[in-house]
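Visitor: For reference, the structure I am asking about is given below.
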Amino acid sequence: MKKVFISILVIVGIFTATILYAANLFGIVSDKTGKPVETKVTLKDDKGAQVGQPVATDKKGNYAFKDIKPGSYVVVVGAKDEWKIFVGPGETRRDFSLK
Amino acid sequence: MMSDEQSPKSEQPPKKKDLWDIMQALGPALIAATVAIMGSVYSYQQAQMTKASEMREVYTKIMTERESSDNSIRANMFQMLFTAMFSKDVTSTNNPDNIRLIKQRVMFLDVLSRNFDTVDIKPLFEELDGDLTAKIYNDQSYSDSLQKDYFAMRSELRRIGRNLSVKQLNALASLPGTVVKSIVLLEDKDKNLVVMQDESSANSNGDTIPVEIKAQSLDDGKVEITLEYQKTKASDQGFKAPSFVITFYDMPYIDNSIIDKDMRVGVVLTKYATTKDLELFRDRIDRRLIKDYEDLKSGGIAKYAELRLIKFPAKYTGHRDRPYLQDILQNLVEEEK
């Protein structure tokens with residue numbers, strides 16, 4: 001019984017230790033008139049290296065990057081539009097309007 | 001001879017009636033009918049107008065009574081909350097219910113801010129925040145456990161303030177002619193302060209905010225900044241903008257500045273983090289943020305703050321439901337057209 005109890009404690013401990021959420025970046029991409037845009041959003045770190053895989057916006061223009069490290073990033077929307085941003089702890093919302 | 005002349009005349013066929021003859025015959029009847037129709041239409045219109053007027057009167061009466069009743073309830077509630085909040089001295093260290101009373105004050109402020117979001121209760125929030133901050137960091141007479149409880153209370157208080165200010169910010173941001181911009185402030189271990197103007201913007205028509213934020217200091221949930229209006233800066237180079245402090249309790253409906261004719265600018269503190277808290281109160285920090293705090297610390301960042309700068313038309317403030325009222329009036333005008 002004691003062993004089972006300790007095993008459960010260890011499993012719960014490992015489980016809770018792994019649930020350490022990182023920062024999330026999300027927002028809406030729209031065109032110059034404010035209409036949502038379906039496009040590709042790429043995240044690059046401050047050295048220009050791509051972070052994770054590019055994401056596609058949905059019909060409402062929503063995009064999201066989950067579990068990223070807080071810090072400076074460059075967001076590339078579509079082929080050429082770029083914005084420098086800083087992602088803080090927790091949820092960070094940034095909306096982009098195509099240039 | 002006479003009878004011969006008269007006889008053919010009397011046999012002439014009757015003259016065919018033309019339109020004029022018909023009109024002459026029907027004229028009186030047509031006039032009577034027209035008068036009757038016009039009278040009916042006029043009566044109907046009068047009846048409709050009277051009905052509409054009565055409806056307006058009833059509606060106005062209901063609205064007035066409802067507003068009066070609402071005001072009465074709110075006044076009673078406001079008085080009750082204030083009386084309850086100041087009824088006991090929560091600063092007494094001998095009081096065993098100290099934490100419970102602080103929790104009550106936090107709850108009162110939550111209720112107060114939810115129901116009276118345009119009443120300036122910032123001093124009440126800031127007084128309690130300052131009191132808790134002193135207990136958390138400066139007063140050695142409290143146990144570690146109690147200090148952690150105070151830290152948790154202050155976090156809750158700041159969450160309430162931030163939720164309210166962000167709610168107001170979102171309400172204003174949804175209105176036409178509004179621009180929102182994010183500004184991130186970072187302080188490293190050597191107390192070097194960096195302002196990062198985010199390039200993203202909530203506005204889609206390329207509109208900008210002609211104001212520059214300069215950070216003076218970051219200190220435990222208080223951000224001292226100056227706002228420089230580019231036009232003033234250009235016309236008066238000797239002008240030095242005064243600095244002021246932004247906390248989680250600055251509400252854009254109330255704490256905003258008029259710039260130029262009809263433009264208002266407000267600043268909202270949406271995030272504040274200090275990696276010092278990671279060491280002192282690790283078990284009381286939101287578990288989802290611990291990894292982020294560690295990442296900030298490993299990146300050499302000691303303090304982090306995020307501000308939202310909002311530019312909105314002056315007409316959208318100064319009244320509790322002004323943004324919604326404006327929309328309602330606009331809809332009424334459009335319907336009337």
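Naming scheme: A, B, ... for chains in displayed order of the structure tokens; residues 1 onward per chain; ligands 1 onward as shown.
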Using only C-alpha atoms and a cut-off of 7 Å, which residues of chain A sit close to chain B? Please list them as a list in words.
Guide: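 Close to chain B, chain A has Leu20, Tyr21, Ala22, Ala23, Asp31, Lys32, Thr33, Gly34, Lys69, Pro70, Trp83, Lys84, Ile85, Phe86, Pro89, Gly90, Arg94, Asp95, Phe96 and Ser97 of chain A.
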Visitor: For the residues in that selection, give me all heavy atoms as a short mmCIF file (atom, residue, chain, number, x, y, z; two decimals), in the first residue's frame.
Guide:
```
data_model
loop_
_atom_site.label_atom_id
_atom_site.label_comp_id
_atom_site.auth_asym_id
_atom_site.auth_seq_id
_atom_site.Cartn_x
_atom_site.Cartn_y
_atom_site.Cartn_z
N LEU A 20 4.34 23.27 -16.88
CA LEU A 20 4.85 24.62 -16.66
C LEU A 20 4.63 25.36 -17.96
O LEU A 20 5.39 25.20 -18.91
CB LEU A 20 6.33 24.58 -16.28
CG LEU A 20 6.64 24.01 -14.90
CD1 LEU A 20 8.12 23.86 -14.71
CD2 LEU A 20 6.07 24.89 -13.80
N TYR A 21 3.56 26.11 -17.99
CA TYR A 21 3.18 26.78 -19.22
C TYR A 21 4.16 27.91 -19.55
O TYR A 21 4.69 28.55 -18.67
CB TYR A 21 1.78 27.36 -19.09
CG TYR A 21 0.73 26.32 -18.82
CD1 TYR A 21 0.43 25.96 -17.52
CD2 TYR A 21 0.05 25.71 -19.85
CE1 TYR A 21 -0.53 25.01 -17.25
CE2 TYR A 21 -0.93 24.75 -19.58
CZ TYR A 21 -1.21 24.41 -18.28
OH TYR A 21 -2.16 23.48 -18.01
N ALA A 22 4.35 28.12 -20.83
CA ALA A 22 5.16 29.25 -21.27
C ALA A 22 4.24 30.29 -21.90
O ALA A 22 3.02 30.12 -21.92
CB ALA A 22 6.20 28.77 -22.26
N ALA A 23 4.85 31.36 -22.40
CA ALA A 23 4.05 32.48 -22.92
C ALA A 23 3.29 32.09 -24.20
O ALA A 23 3.71 31.21 -24.94
CB ALA A 23 4.98 33.64 -23.22
N ASP A 31 -6.70 43.31 -43.15
CA ASP A 31 -6.14 44.13 -44.23
C ASP A 31 -6.33 45.62 -43.90
O ASP A 31 -6.75 45.96 -42.79
CB ASP A 31 -6.77 43.76 -45.58
CG ASP A 31 -8.26 44.06 -45.62
OD1 ASP A 31 -8.75 44.76 -44.72
OD2 ASP A 31 -8.95 43.59 -46.55
N LYS A 32 -6.03 46.48 -44.86
CA LYS A 32 -6.08 47.93 -44.59
C LYS A 32 -7.48 48.42 -44.23
O LYS A 32 -7.64 49.44 -43.57
CB LYS A 32 -5.55 48.70 -45.80
CG LYS A 32 -4.05 48.62 -45.92
CD LYS A 32 -3.58 49.31 -47.18
CE LYS A 32 -2.09 49.11 -47.34
NZ LYS A 32 -1.61 49.60 -48.63
N THR A 33 -8.49 47.68 -44.73
CA THR A 33 -9.87 48.11 -44.44
C THR A 33 -10.41 47.50 -43.15
O THR A 33 -11.55 47.75 -42.78
CB THR A 33 -10.80 47.72 -45.61
OG1 THR A 33 -10.78 46.30 -45.74
CG2 THR A 33 -10.38 48.36 -46.91
N GLY A 34 -9.61 46.65 -42.53
CA GLY A 34 -10.04 46.04 -41.27
C GLY A 34 -10.66 44.66 -41.43
O GLY A 34 -11.09 44.06 -40.45
N LYS A 69 8.97 31.29 -25.60
CA LYS A 69 9.76 31.92 -24.54
C LYS A 69 9.54 33.44 -24.57
O LYS A 69 9.57 34.04 -25.66
CB LYS A 69 11.23 31.61 -24.81
CG LYS A 69 12.16 31.95 -23.70
CD LYS A 69 13.57 31.52 -24.08
CE LYS A 69 14.55 31.98 -23.03
NZ LYS A 69 15.92 31.59 -23.35
N PRO A 70 9.32 34.09 -23.43
CA PRO A 70 9.19 35.55 -23.45
C PRO A 70 10.44 36.21 -24.02
O PRO A 70 11.55 35.75 -23.77
CB PRO A 70 9.03 35.91 -21.97
CG PRO A 70 8.54 34.69 -21.31
CD PRO A 70 9.16 33.55 -22.06
N TRP A 83 6.81 42.90 -38.27
CA TRP A 83 6.66 43.76 -37.09
C TRP A 83 7.57 43.25 -35.97
O TRP A 83 7.62 42.05 -35.73
CB TRP A 83 5.22 43.73 -36.58
CG TRP A 83 4.25 44.45 -37.44
CD1 TRP A 83 3.87 45.76 -37.36
CD2 TRP A 83 3.48 43.90 -38.53
NE1 TRP A 83 2.93 46.05 -38.31
CE2 TRP A 83 2.67 44.93 -39.04
CE3 TRP A 83 3.40 42.65 -39.11
CZ2 TRP A 83 1.80 44.75 -40.11
CZ3 TRP A 83 2.54 42.45 -40.18
CH2 TRP A 83 1.75 43.50 -40.67
N LYS A 84 8.22 44.19 -35.30
CA LYS A 84 9.01 43.82 -34.12
C LYS A 84 8.11 43.90 -32.91
O LYS A 84 7.43 44.92 -32.70
CB LYS A 84 10.17 44.80 -33.94
CG LYS A 84 11.34 44.53 -34.85
CD LYS A 84 12.44 45.54 -34.55
CE LYS A 84 13.53 45.46 -35.60
NZ LYS A 84 14.49 46.57 -35.46
N ILE A 85 8.10 42.86 -32.11
CA ILE A 85 7.27 42.87 -30.90
C ILE A 85 8.04 42.28 -29.72
O ILE A 85 9.09 41.67 -29.91
CB ILE A 85 5.95 42.07 -31.09
CG1 ILE A 85 6.25 40.60 -31.36
CG2 ILE A 85 5.10 42.66 -32.18
CD1 ILE A 85 5.07 39.71 -31.06
N PHE A 86 7.49 42.46 -28.52
CA PHE A 86 8.04 41.79 -27.34
C PHE A 86 6.93 40.97 -26.71
O PHE A 86 5.84 41.48 -26.43
CB PHE A 86 8.58 42.81 -26.33
CG PHE A 86 9.37 42.15 -25.22
CD1 PHE A 86 10.74 42.01 -25.32
CD2 PHE A 86 8.74 41.65 -24.10
CE1 PHE A 86 11.47 41.38 -24.32
CE2 PHE A 86 9.46 41.02 -23.09
CZ PHE A 86 10.82 40.88 -23.20
N PRO A 89 5.33 37.68 -20.18
CA PRO A 89 4.83 36.48 -19.52
C PRO A 89 3.32 36.33 -19.72
O PRO A 89 2.61 37.32 -19.83
CB PRO A 89 5.14 36.73 -18.04
CG PRO A 89 5.89 37.99 -17.95
CD PRO A 89 5.79 38.71 -19.24
N GLY A 90 2.87 35.08 -19.78
CA GLY A 90 1.43 34.83 -19.92
C GLY A 90 0.92 35.09 -21.33
O GLY A 90 1.63 34.91 -22.30
N ARG A 94 -1.38 40.57 -29.87
CA ARG A 94 -0.91 41.57 -30.83
C ARG A 94 -1.71 41.41 -32.13
O ARG A 94 -1.72 40.32 -32.71
CB ARG A 94 0.58 41.40 -31.14
CG ARG A 94 1.50 41.67 -29.97
CD ARG A 94 1.54 43.14 -29.60
NE ARG A 94 2.47 43.39 -28.53
CZ ARG A 94 2.16 43.35 -27.23
NH1 ARG A 94 0.92 43.12 -26.87
NH2 ARG A 94 3.06 43.58 -26.31
N ASP A 95 -2.37 42.50 -32.55
CA ASP A 95 -3.11 42.48 -33.82
C ASP A 95 -2.28 43.15 -34.90
O ASP A 95 -1.56 44.12 -34.61
CB ASP A 95 -4.44 43.22 -33.66
CG ASP A 95 -5.36 42.53 -32.67
OD1 ASP A 95 -5.15 41.32 -32.42
OD2 ASP A 95 -6.26 43.19 -32.13
N PHE A 96 -2.37 42.65 -36.09
CA PHE A 96 -1.59 43.22 -37.20
C PHE A 96 -2.50 43.61 -38.35
O PHE A 96 -3.39 42.85 -38.73
CB PHE A 96 -0.55 42.20 -37.69
CG PHE A 96 0.40 41.78 -36.60
CD1 PHE A 96 0.25 40.55 -35.98
CD2 PHE A 96 1.41 42.62 -36.17
CE1 PHE A 96 1.09 40.16 -34.97
CE2 PHE A 96 2.26 42.24 -35.16
CZ PHE A 96 2.11 41.01 -34.54
N SER A 97 -2.22 44.79 -38.89
CA SER A 97 -2.95 45.27 -40.06
C SER A 97 -1.95 45.35 -41.21
O SER A 97 -0.91 46.02 -41.09
CB SER A 97 -3.53 46.65 -39.72
OG SER A 97 -3.95 47.28 -40.86
#
```
Visitor: Got a sec: who's within 12 Å of A:Val41, counting only C-alpha atoms, leaving out chain neighbours fewer than 6 positions off, as a count of residues only?
Guide: 32
Visitor: Within stretch 67-288 of chain B, find each residue whose DSSP state, derived from the backbone, is helix (DSSP H, G or I), and express the selection as a PyMOL selection string.
Guide: chain B and resi 67-85+98-115+122-138+144-173+230-235+276-280+282-284+287-288
Visitor: Using only C-alpha atoms, which of B:Met251, B:Leu157, B:Leu128, B:Met63 sits nearest B:Asn170?
Guide: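 That would be B:Met251, the residue with the smallest distance to B:Asn170.
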Visitor: Based on DSSP run over this structure's backbone, return all residues of stretch 203-312 of chain B in strand (DSSP E or B), as an MDAnalysis selection string.
Guide: chainID B and resid 211:219 222:229 243:246 256:259 263:274 301:312
Visitor: Would you mind reading off the distance between atom CA of B:Lys261 and atom CA of B:Ser174, one decimal, in Å?
Guide: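 Taking atom CA of B:Lys261 and atom CA of B:Ser174, their separation equals 21.3 Å.
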Visitor: Between atom CA of B:Arg162 and atom CA of B:Tyr249, what is the distance in Å, rounded to a tenth?
Guide: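 Those two atoms sit 6.8 Å apart.
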Visitor: For atom CA of B:Ser141 and atom CA of B:Ala302, determine how far apart the two atoms are, in Å to one decimal place.
Guide: 26.8 Å
Visitor: I want to know what sits within 9 Å of B:Ala173, based on only C-alpha atoms, with residues of the same chain fewer than 2 positions away left out; could you give that as a list in words?
Guide: Gln168, Leu169, Asn170, Ala171, Leu175, Pro176, Gly177, Thr178, Val179, Val180, Ala202, Asn203, Ile310, Lys311 and Phe312 of chain B
Visitor: For those residues, write N, CA, C and O atoms to a file as a compact mmCIF listing (two decimals), in the first residue's frame.
Guide:
```txt
# COMPACT_ATOMS: atom_id res chain seq x y z
N GLN B 168 -12.49 48.53 -19.74
CA GLN B 168 -12.75 49.88 -20.26
C GLN B 168 -11.94 50.11 -21.55
O GLN B 168 -12.45 50.72 -22.50
N LEU B 169 -10.71 49.63 -21.55
CA LEU B 169 -9.85 49.78 -22.73
C LEU B 169 -10.49 49.09 -23.94
O LEU B 169 -10.56 49.67 -25.03
N ASN B 170 -10.98 47.87 -23.75
CA ASN B 170 -11.62 47.13 -24.85
C ASN B 170 -12.88 47.82 -25.34
O ASN B 170 -13.15 47.83 -26.54
N ALA B 171 -13.66 48.38 -24.39
CA ALA B 171 -14.89 49.09 -24.78
C ALA B 171 -14.54 50.29 -25.66
O ALA B 171 -15.19 50.54 -26.68
N LEU B 175 -14.55 51.29 -30.58
CA LEU B 175 -15.21 52.44 -31.19
C LEU B 175 -14.40 52.97 -32.38
O LEU B 175 -13.17 52.85 -32.41
N PRO B 176 -15.10 53.55 -33.37
CA PRO B 176 -14.37 54.08 -34.53
C PRO B 176 -13.47 55.26 -34.14
O PRO B 176 -13.80 56.03 -33.24
N GLY B 177 -12.34 55.35 -34.81
CA GLY B 177 -11.42 56.47 -34.56
C GLY B 177 -10.49 56.23 -33.39
O GLY B 177 -9.80 57.14 -32.95
N THR B 178 -10.47 55.00 -32.88
CA THR B 178 -9.62 54.70 -31.73
C THR B 178 -8.38 53.92 -32.18
O THR B 178 -8.47 53.07 -33.05
N VAL B 179 -7.25 54.24 -31.58
CA VAL B 179 -6.01 53.53 -31.87
C VAL B 179 -5.40 53.05 -30.56
O VAL B 179 -5.38 53.79 -29.57
N VAL B 180 -4.94 51.81 -30.54
CA VAL B 180 -4.30 51.26 -29.33
C VAL B 180 -2.90 50.80 -29.70
O VAL B 180 -2.69 50.19 -30.73
N ALA B 202 -3.74 48.22 -33.04
CA ALA B 202 -5.09 47.67 -33.15
C ALA B 202 -5.89 48.38 -34.23
O ALA B 202 -7.00 48.00 -34.52
N ASN B 203 -5.35 49.42 -34.79
CA ASN B 203 -6.10 50.18 -35.78
C ASN B 203 -5.73 49.74 -37.18
O ASN B 203 -4.56 49.51 -37.48
N ILE B 310 -3.79 54.40 -25.50
CA ILE B 310 -5.01 54.46 -26.32
C ILE B 310 -5.35 55.90 -26.67
O ILE B 310 -5.31 56.78 -25.81
N LYS B 311 -5.65 56.09 -27.93
CA LYS B 311 -6.13 57.41 -28.40
C LYS B 311 -7.58 57.23 -28.79
O LYS B 311 -7.91 56.30 -29.54
N PHE B 312 -8.45 58.07 -28.25
CA PHE B 312 -9.87 57.95 -28.60
C PHE B 312 -10.52 59.33 -28.64
O PHE B 312 -10.03 60.27 -28.01
```
Visitor: Would you kindly return, as a list in words, each protein, DNA or RNA residue with an atom no farther than 6 Å from any atom of B:Met85, considering only C-alpha atoms and excluding same-chain residues fewer than 3 positions away?
Guide: Leu81, Phe82 and Arg105 of chain B
Visitor: Using only C-alpha atoms, which residues sit within 8 Å of stretch 130-137 of chain B once same-chain residues fewer than 5 positions away are excluded, as a list in words?
Guide: Tyr142, Gln147, Lys148, Tyr150, Phe151, Met153 and Arg154 of chain B
